[in-house]
file structure-v5.cif (mmCIF, C-alpha atoms)
data_query
#
loop_
_atom_site.group_PDB
_atom_site.id
_atom_site.type_symbol
_atom_site.label_atom_id
_atom_site.label_comp_id
_atom_site.auth_asym_id
_atom_site.auth_seq_id
_atom_site.Cartn_x
_atom_site.Cartn_y
_atom_site.Cartn_z
ATOM 1 C CA MET R 123 86.248 -88.983 -1.512
ATOM 2 C CA SER R 124 86.008 -86.102 -4.022
ATOM 3 C CA ARG R 125 85.355 -82.518 -2.917
ATOM 4 C CA LEU R 126 81.825 -82.602 -4.382
ATOM 5 C CA SER R 127 81.077 -85.854 -2.620
ATOM 6 C CA ARG R 128 82.268 -84.459 0.708
ATOM 7 C CA TRP R 129 79.950 -81.417 0.356
ATOM 8 C CA THR R 130 77.034 -83.684 -0.562
ATOM 9 C CA PHE R 131 77.770 -85.844 2.477
ATOM 10 C CA PHE R 132 77.800 -82.889 4.860
ATOM 11 C CA LEU R 133 75.036 -80.763 3.298
ATOM 12 C CA GLY R 134 72.525 -83.402 2.300
ATOM 13 C CA PRO R 135 70.889 -83.826 5.731
ATOM 14 C CA LEU R 136 70.957 -80.076 6.350
ATOM 15 C CA LEU R 137 69.198 -79.281 3.079
ATOM 16 C CA LEU R 138 66.586 -81.914 3.828
ATOM 17 C CA GLN R 139 65.861 -80.363 7.224
ATOM 18 C CA ILE R 140 65.633 -76.878 5.699
ATOM 19 C CA ALA R 141 63.179 -78.147 3.115
ATOM 20 C CA CYS R 142 61.074 -79.718 5.851
ATOM 21 C CA ALA R 143 61.243 -76.508 7.877
ATOM 22 C CA THR R 144 59.974 -74.507 4.915
ATOM 23 C CA THR R 145 57.080 -76.912 4.443
ATOM 24 C CA HIS R 146 56.099 -76.596 8.077
ATOM 25 C CA ALA R 147 56.279 -72.794 7.873
ATOM 26 C CA GLU R 148 53.983 -72.797 4.853
ATOM 27 C CA ARG R 149 51.478 -74.843 6.857
ATOM 28 C CA GLY R 150 51.461 -72.207 9.590
ATOM 29 C CA THR R 151 53.525 -73.962 12.282
ATOM 30 C CA PRO R 152 56.246 -71.466 13.241
ATOM 31 C CA GLY R 153 57.242 -73.414 16.351
ATOM 32 C CA ARG R 154 58.218 -76.498 14.346
ATOM 33 C CA TYR R 155 59.899 -74.271 11.774
ATOM 34 C CA GLU R 156 62.194 -72.799 14.427
ATOM 35 C CA GLN R 157 62.903 -76.236 15.884
ATOM 36 C CA SER R 158 63.915 -77.613 12.481
ATOM 37 C CA LEU R 159 66.283 -74.728 11.870
ATOM 38 C CA ASP R 160 67.819 -75.211 15.302
ATOM 39 C CA SER R 161 68.461 -78.874 14.511
ATOM 40 C CA ALA R 162 69.964 -77.993 11.158
ATOM 41 C CA THR R 163 72.178 -75.376 12.750
ATOM 42 C CA SER R 164 73.417 -77.741 15.422
ATOM 43 C CA GLY R 165 74.234 -80.432 12.865
ATOM 44 C CA CYS R 166 76.096 -77.961 10.707
ATOM 45 C CA LEU R 167 78.133 -76.575 13.569
ATOM 46 C CA ARG R 168 79.302 -80.078 14.428
ATOM 47 C CA SER R 169 80.553 -80.679 10.886
ATOM 48 C CA LEU R 170 83.861 -79.736 9.273
ATOM 49 C CA ALA R 171 82.092 -77.946 6.418
ATOM 50 C CA CYS R 172 80.900 -75.139 8.695
ATOM 51 C CA ALA R 173 84.155 -74.812 10.561
ATOM 52 C CA THR R 174 85.572 -72.672 7.760
ATOM 53 C CA GLN R 175 82.895 -69.998 8.235
ATOM 54 C CA GLU R 176 82.911 -67.197 10.786
ATOM 55 C CA GLY R 177 80.371 -65.088 12.650
ATOM 56 C CA SER R 178 76.785 -64.977 11.427
ATOM 57 C CA ASP R 179 77.713 -66.902 8.260
ATOM 58 C CA ALA R 180 78.758 -70.029 10.180
ATOM 59 C CA VAL R 181 75.607 -71.815 8.999
ATOM 60 C CA ILE R 182 76.298 -71.380 5.283
ATOM 61 C CA PRO R 183 76.353 -67.827 3.915
ATOM 62 C CA TRP R 184 73.300 -68.109 1.655
ATOM 63 C CA LEU R 185 71.161 -69.455 4.475
ATOM 64 C CA SER R 186 71.798 -66.503 6.809
ATOM 65 C CA SER R 187 71.228 -64.059 3.937
ATOM 66 C CA ALA R 188 67.951 -65.764 3.035
ATOM 67 C CA ALA R 189 66.803 -65.608 6.641
ATOM 68 C CA ARG R 190 67.497 -61.891 6.800
ATOM 69 C CA ALA R 191 65.636 -61.305 3.541
ATOM 70 C CA THR R 192 62.674 -63.377 4.729
ATOM 71 C CA GLY R 193 62.533 -61.397 7.962
ATOM 72 C CA ALA R 194 62.440 -58.134 6.032
ATOM 73 C CA VAL R 195 59.582 -59.382 3.848
ATOM 74 C CA LEU R 196 57.560 -60.587 6.830
ATOM 75 C CA THR R 197 58.047 -57.222 8.567
ATOM 76 C CA ALA R 198 56.855 -55.375 5.466
ATOM 77 C CA LEU R 199 53.722 -57.531 5.265
ATOM 78 C CA LYS R 200 52.759 -57.159 8.942
ATOM 79 C CA THR R 201 49.400 -55.571 9.644
ATOM 80 C CA LEU R 202 47.931 -54.630 12.992
ATOM 81 C CA GLU R 203 45.890 -57.180 14.921
ATOM 82 C CA ALA R 204 42.388 -56.314 16.154
ATOM 83 C CA ALA R 205 43.662 -55.924 19.724
ATOM 84 C CA GLU R 206 46.367 -53.525 18.542
ATOM 85 C CA VAL R 207 43.833 -51.417 16.626
ATOM 86 C CA ALA R 208 41.633 -51.306 19.735
ATOM 87 C CA ARG R 209 44.581 -50.146 21.822
ATOM 88 C CA ILE R 210 45.429 -47.418 19.323
ATOM 89 C CA GLU R 211 41.824 -46.220 19.256
ATOM 90 C CA HIS R 212 41.841 -46.009 23.061
ATOM 91 C CA LEU R 213 45.017 -43.916 22.931
ATOM 92 C CA LEU R 214 43.585 -41.677 20.184
ATOM 93 C CA VAL R 215 40.643 -40.847 22.428
ATOM 94 C CA GLN R 216 42.992 -40.149 25.325
ATOM 95 C CA CYS R 217 45.032 -37.828 23.081
ATOM 96 C CA ALA R 218 41.892 -35.961 21.995
ATOM 97 C CA ARG R 219 40.815 -35.465 25.604
ATOM 98 C CA GLU R 220 44.278 -34.371 26.660
ATOM 99 C CA ALA R 221 44.406 -31.799 23.847
ATOM 100 C CA ASP R 222 40.941 -30.460 24.612
ATOM 101 C CA PHE R 223 41.688 -30.108 28.321
ATOM 102 C CA GLU R 224 45.159 -28.609 27.922
ATOM 103 C CA VAL R 225 44.179 -25.919 25.411
ATOM 104 C CA ASN R 226 40.984 -24.932 27.239
ATOM 105 C CA GLU R 227 42.871 -24.608 30.526
ATOM 106 C CA ARG R 228 45.626 -22.595 28.883
ATOM 107 C CA GLU R 229 43.317 -20.230 26.989
ATOM 108 C CA TYR R 230 40.504 -19.758 29.521
ATOM 109 C CA GLY R 231 41.787 -20.772 32.934
ATOM 110 C CA ARG R 232 41.180 -23.657 35.298
ATOM 111 C CA GLY R 233 37.841 -25.366 34.777
ATOM 112 C CA LYS R 234 36.620 -22.906 32.131
ATOM 113 C CA ARG R 235 35.390 -23.632 28.610
ATOM 114 C CA PRO R 236 34.336 -21.425 25.681
ATOM 115 C CA ASP R 237 30.589 -20.948 25.327
ATOM 116 C CA ASP R 238 28.741 -20.886 22.002
ATOM 117 C CA ALA R 239 29.149 -17.120 21.589
ATOM 118 C CA GLU R 240 32.896 -17.371 22.160
ATOM 119 C CA CYS R 241 33.125 -20.215 19.646
ATOM 120 C CA GLU R 242 31.583 -18.051 16.925
ATOM 121 C CA ARG R 243 33.569 -14.911 17.732
ATOM 122 C CA VAL R 244 35.499 -13.529 14.757
ATOM 123 C CA VAL R 245 39.154 -13.188 15.753
ATOM 124 C CA ARG R 246 40.572 -11.952 12.439
ATOM 125 C CA TYR R 247 40.166 -11.996 8.662
ATOM 126 C CA GLU R 248 42.313 -13.898 6.188
ATOM 127 C CA ASN R 249 41.929 -13.198 2.461
ATOM 128 C CA GLY R 250 38.732 -11.384 3.295
ATOM 129 C CA LYS R 251 37.224 -14.369 5.109
ATOM 130 C CA PRO R 252 36.456 -14.415 8.841
ATOM 131 C CA VAL R 253 38.427 -16.746 11.111
ATOM 132 C CA LEU R 254 36.313 -17.833 14.062
ATOM 133 C CA ARG R 255 37.606 -18.582 17.520
ATOM 134 C CA ARG R 256 36.590 -22.248 17.206
ATOM 135 C CA MET R 257 38.874 -22.566 14.185
ATOM 136 C CA ASP R 258 41.865 -21.281 16.118
ATOM 137 C CA LEU R 259 41.068 -23.557 19.046
ATOM 138 C CA GLY R 260 40.779 -26.516 16.689
ATOM 139 C CA THR R 261 44.216 -25.831 15.222
ATOM 140 C CA MET R 262 45.806 -25.563 18.669
ATOM 141 C CA LYS R 263 44.138 -28.755 19.858
ATOM 142 C CA HIS R 264 45.224 -30.648 16.762
ATOM 143 C CA ASP R 265 48.839 -29.676 17.475
ATOM 144 C CA VAL R 266 48.625 -31.023 21.025
ATOM 145 C CA ALA R 267 46.852 -34.187 19.862
ATOM 146 C CA PHE R 268 49.506 -34.899 17.227
ATOM 147 C CA ALA R 269 52.245 -34.477 19.833
ATOM 148 C CA CYS R 270 50.412 -37.003 21.987
ATOM 149 C CA VAL R 271 50.143 -39.459 19.083
ATOM 150 C CA ARG R 272 53.877 -39.209 18.483
ATOM 151 C CA ARG R 273 54.608 -39.734 22.155
ATOM 152 C CA GLU R 274 52.097 -42.458 23.002
ATOM 153 C CA ILE R 275 51.342 -44.308 19.764
ATOM 154 C CA LEU R 276 54.262 -43.964 17.370
ATOM 155 C CA LYS R 277 56.674 -45.265 19.982
ATOM 156 C CA LEU R 278 54.587 -48.466 20.162
ATOM 157 C CA PHE R 279 53.766 -48.874 16.452
ATOM 158 C CA PRO R 280 56.336 -46.823 14.511
ATOM 159 C CA ASP R 281 55.934 -48.791 11.266
ATOM 160 C CA ASN R 282 52.135 -48.965 11.190
ATOM 161 C CA VAL R 283 50.969 -45.428 12.002
ATOM 162 C CA SER R 284 51.286 -42.238 9.939
ATOM 163 C CA ILE R 285 50.286 -38.687 10.878
ATOM 164 C CA GLU R 286 48.756 -36.585 8.114
ATOM 165 C CA PRO R 287 49.866 -38.573 5.063
ATOM 166 C CA ARG R 288 48.588 -37.025 1.842
ATOM 167 C CA TYR R 289 46.996 -39.214 -0.844
ATOM 168 C CA GLY R 290 46.242 -38.482 -4.468
ATOM 169 C CA LEU R 291 44.488 -40.556 -7.102
ATOM 170 C CA ASP R 292 46.867 -42.118 -9.611
ATOM 171 C CA SER R 293 45.204 -41.819 -13.011
ATOM 172 C CA ALA R 294 47.174 -44.754 -14.410
ATOM 173 C CA THR R 295 46.099 -47.258 -11.744
ATOM 174 C CA ALA R 296 42.949 -45.555 -10.391
ATOM 175 C CA ARG R 297 44.359 -46.102 -6.904
ATOM 176 C CA TYR R 298 45.327 -43.643 -4.192
ATOM 177 C CA VAL R 299 49.071 -43.171 -3.660
ATOM 178 C CA LEU R 300 51.179 -40.843 -1.535
ATOM 179 C CA THR R 301 51.517 -37.420 -3.105
ATOM 180 C CA GLN R 302 52.754 -33.898 -2.467
ATOM 181 C CA GLN R 303 50.086 -32.357 -4.665
ATOM 182 C CA TRP R 304 47.424 -30.451 -2.734
ATOM 183 C CA ARG R 305 44.777 -30.341 -5.447
ATOM 184 C CA ASP R 306 42.143 -33.093 -5.135
ATOM 185 C CA SER R 307 44.201 -34.825 -2.447
ATOM 186 C CA LEU R 308 43.124 -36.313 0.888
ATOM 187 C CA LYS R 309 45.010 -35.809 4.153
ATOM 188 C CA PRO R 310 43.554 -37.744 7.108
ATOM 189 C CA ASP R 311 44.907 -36.939 10.556
ATOM 190 C CA VAL R 312 45.961 -40.489 11.459
ATOM 191 C CA VAL R 313 46.236 -43.595 9.281
ATOM 192 C CA LEU R 314 46.873 -47.185 10.378
ATOM 193 C CA HIS R 315 48.483 -49.297 7.667
ATOM 194 C CA ALA R 316 50.692 -52.274 6.856
ATOM 195 C CA ALA R 317 54.234 -51.976 8.157
ATOM 196 C CA ARG R 318 56.156 -49.246 6.305
ATOM 197 C CA ASP R 319 53.508 -49.063 3.587
ATOM 198 C CA PRO R 320 50.992 -46.215 4.093
ATOM 199 C CA THR R 321 49.225 -47.161 0.849
ATOM 200 C CA ARG R 322 48.013 -50.457 2.367
ATOM 201 C CA ILE R 323 45.503 -48.754 4.630
ATOM 202 C CA GLN R 324 43.757 -50.435 7.547
ATOM 203 C CA CYS R 325 41.912 -47.577 9.293
ATOM 204 C CA VAL R 326 41.570 -43.793 8.926
ATOM 205 C CA TYR R 327 40.861 -41.262 11.690
ATOM 206 C CA ASP R 328 40.303 -37.523 11.940
ATOM 207 C CA PHE R 329 40.419 -35.544 15.182
ATOM 208 C CA LYS R 330 37.461 -33.230 15.716
ATOM 209 C CA PHE R 331 37.162 -30.717 18.531
ATOM 210 C CA PRO R 332 33.543 -29.513 18.600
ATOM 211 C CA CYS R 333 33.136 -26.148 20.278
ATOM 212 C CA SER R 334 29.395 -25.473 20.430
ATOM 213 C CA ALA R 335 27.038 -27.509 22.608
ATOM 214 C CA ALA R 336 25.148 -28.835 19.564
ATOM 215 C CA ASN R 337 28.266 -30.076 17.791
ATOM 216 C CA LYS R 338 29.596 -31.717 20.957
ATOM 217 C CA SER R 339 26.463 -33.844 21.240
ATOM 218 C CA ASP R 340 26.310 -34.694 17.505
ATOM 219 C CA PRO R 341 29.776 -34.357 15.935
ATOM 220 C CA LEU R 342 28.826 -36.446 12.901
ATOM 221 C CA GLY R 343 26.123 -33.900 12.131
ATOM 222 C CA SER R 344 28.605 -31.027 11.919
ATOM 223 C CA SER R 345 28.940 -29.327 8.546
ATOM 224 C CA GLY R 346 31.129 -31.198 6.088
ATOM 225 C CA VAL R 347 31.915 -34.196 8.316
ATOM 226 C CA SER R 348 29.819 -36.747 6.411
ATOM 227 C CA ALA R 349 31.266 -35.634 3.068
ATOM 228 C CA GLN R 350 34.780 -35.846 4.461
ATOM 229 C CA LEU R 351 34.272 -39.385 5.764
ATOM 230 C CA ALA R 352 32.764 -40.407 2.434
ATOM 231 C CA LYS R 353 35.928 -39.261 0.671
ATOM 232 C CA TYR R 354 38.091 -41.147 3.144
ATOM 233 C CA GLN R 355 36.052 -44.256 2.391
ATOM 234 C CA GLU R 356 37.535 -44.186 -1.113
ATOM 235 C CA LEU R 357 40.965 -44.865 0.397
ATOM 236 C CA GLY R 358 39.828 -48.356 1.348
ATOM 237 C CA GLY R 359 40.771 -50.143 4.546
ATOM 238 C CA ASN R 360 39.404 -52.718 6.941
ATOM 239 C CA CYS R 361 37.130 -50.405 8.924
ATOM 240 C CA PRO R 362 34.930 -47.408 8.126
ATOM 241 C CA PRO R 363 36.663 -44.027 8.541
ATOM 242 C CA ALA R 364 36.112 -42.471 11.955
ATOM 243 C CA ILE R 365 36.307 -39.163 13.754
ATOM 244 C CA VAL R 366 37.750 -38.895 17.259
ATOM 245 C CA THR R 367 36.236 -36.383 19.678
ATOM 246 C CA PRO R 368 37.007 -35.640 23.332
ATOM 247 C CA GLN R 369 33.343 -35.987 24.276
ATOM 248 C CA LEU R 370 32.216 -39.155 22.451
ATOM 249 C CA GLY R 371 35.464 -40.907 21.501
ATOM 250 C CA ILE R 372 35.435 -42.896 18.237
ATOM 251 C CA ASN R 373 32.492 -42.042 15.956
ATOM 252 C CA ARG R 374 31.595 -43.801 12.698
ATOM 253 C CA GLU R 375 28.619 -43.349 10.432
#
call {"tool": "encode", "arguments": {"input": "structure-v5.cif", "output": "structure tokens"}}
result
Amino acid sequence: MSRLSRWTFFLGPLLLQIACATTHAERGTPGRYEQSLDSATSGCLRSLACATQEGSDAVIPWLSSAARATGAVLTALKTLEAAEVARIEHLLVQCAREADFEVNEREYGRGKRPDDAECERVVRYENGKPVLRRMDLGTMKHDVAFACVRREILKLFPDNVSIEPRYGLDSATARYVLTQQWRDSLKPDVVLHAARDPTRIQCVYDFKFPCSAANKSDPLGSSGVSAQLAKYQELGGNCPPAIVTPQLGINRE
């Protein structure tokens, strides 16, 4: 038997099983796909053709390489399921409440909160403009909330969550892309997206830490919030942009 004939004899059944496995995978039956590959692998390992290979390439070098490439593609395409988004939203609310509680306790003492007058108190001037106490508190609470997101959410979904990515409109494609340019850019607090691809956006969130009694009860009515969410809507996604507050959780217009 010639060398070509021997390879055809050994590889023919294996190639047929791989072809069948691919067909099953395309029809959405991963269980049968795995079973077919297991059968192909077992048949190959019992043959002389595979005995010359070592390690992870024992089932024909191109097959193992293709499997690795396919796995990388599937990982890149993965988006979050509805249950995963719901879990993240729950954790975002918990992070907002943790930040609000921790900063208030640190700045004002156990069980104390700033009143409306304290919220509007001018603490300093920057470039001739007043900086109010609520602004400083908001910055501090954002820092604590982001630390919580890194600790509680990024460890669970490291490929699908980004903190403060900045987007700019690409004039050539009329689509938003990641940018380092500040002018006319958008920087949401938290973005859920396809694995390792922040431009394939699923959901957008912004932390808000209302200080006054009126803003706590109606955070969507606060100055500039509606306009901000409208801009975030231009980024696309599977759900309307939302704000996250310690008092009312997830809020959408």
call {"tool": "residues_around", "arguments": {"input": "structure-v5.cif", "residues": "Pro363 (chain R)", "least_positions_apart": "3", "cutoff": "7 Å", "atoms": "all atoms listed in the file", "output": "list of chain:residue names"}}
result
R:Cys325, R:Val326, R:Tyr327, R:Leu351, R:Tyr354, R:Gln355, R:Arg374
call {"tool": "residues_around", "arguments": {"input": "structure-v5.cif", "residues": "Leu254 (chain R)", "least_positions_apart": "2", "cutoff": "8 Å", "atoms": "only C-alpha atoms", "output": "VMD selection string"}}
result
chain R and resid 241 to 246 252 256 to 258
call {"tool": "atom_distance", "arguments": {"input": "structure-v5.cif", "atom1": "CA of Asp237 (chain R)", "atom2": "CA of Ala349 (chain R)"}}
result
26.7 Å
call {"tool": "resolve_selection", "arguments": {"input": "structure-v5.cif", "expression": "the PyMOL selection byres ((chain R and resi 280) around 12)", "output": "list of chain:residue names"}}
result
R:Leu202, R:Ile210, R:Val271, R:Arg272, R:Arg273, R:Glu274, R:Ile275, R:Leu276, R:Lys277, R:Leu278, R:Phe279, R:Asp281, R:Asn282, R:Val283, R:Ser284, R:Ile285, R:Val313, R:Leu314, R:His315, R:Ala316, R:Ala317, R:Arg318, R:Asp319, R:Pro320
call {"tool": "closest_residue", "arguments": {"input": "structure-v5.cif", "among": "R:Lys251, R:Thr261, R:Val299, R:Glu356", "to": "Arg322 (chain R)", "atoms": "all atoms listed in the file"}}
result
R:Val299
call {"tool": "atom_distance", "arguments": {"input": "structure-v5.cif", "atom1": "CA of Lys309 (chain R)", "atom2": "CA of Gly290 (chain R)"}}
result
9.1 Å
call {"tool": "closest_residue", "arguments": {"input": "structure-v5.cif", "among": "R:Lys353, R:Lys200, R:Arg255, R:His264", "to": "Glu229 (chain R)", "atoms": "all atoms listed in the file"}}
result
R:Arg255
call {"tool": "atom_distance", "arguments": {"input": "structure-v5.cif", "atom1": "CA of Pro310 (chain R)", "atom2": "CA of Ala221 (chain R)"}}
result
17.8 Å
call {"tool": "closest_residue", "arguments": {"input": "structure-v5.cif", "among": "R:Phe331, R:His212, R:Pro287, R:Lys263", "to": "Val312 (chain R)", "atoms": "all atoms listed in the file"}}
result
R:Pro287
call {"tool": "residues_around", "arguments": {"input": "structure-v5.cif", "residues": "Ser307 (chain R)", "least_positions_apart": "4", "cutoff": "8 Å", "atoms": "only C-alpha atoms", "output": "ChimeraX atom specification"}}
result
/R:288-291,301,303
call {"tool": "write_last_selection", "arguments": {"input": "structure-v5.cif", "atoms": "C-alpha atoms", "output": "CSV table (one decimal), keeping the file's coordinate frame"}}
result
chain,number,residue,atom,x,y,z
R,288,ARG,CA,48.6,-37.0,1.8
R,289,TYR,CA,47.0,-39.2,-0.8
R,290,GLY,CA,46.2,-38.5,-4.5
R,291,LEU,CA,44.5,-40.6,-7.1
R,301,THR,CA,51.5,-37.4,-3.1
R,303,GLN,CA,50.1,-32.4,-4.7
call {"tool": "residues_near_point", "arguments": {"input": "structure-v5.cif", "point": "(41.8, -41.2, 22.9)", "cutoff": "10 Å", "atoms": "only C-alpha atoms", "output": "number ranges by chain"}}
result
R: 209-221, 267, 270-271, 329, 366-368, 370-372
call {"tool": "closest_residue", "arguments": {"input": "structure-v5.cif", "among": "R:Glu375, R:Asp292, R:Asp328, R:Glu240", "to": "Leu259 (chain R)", "atoms": "all atoms listed in the file"}}
result
R:Glu240
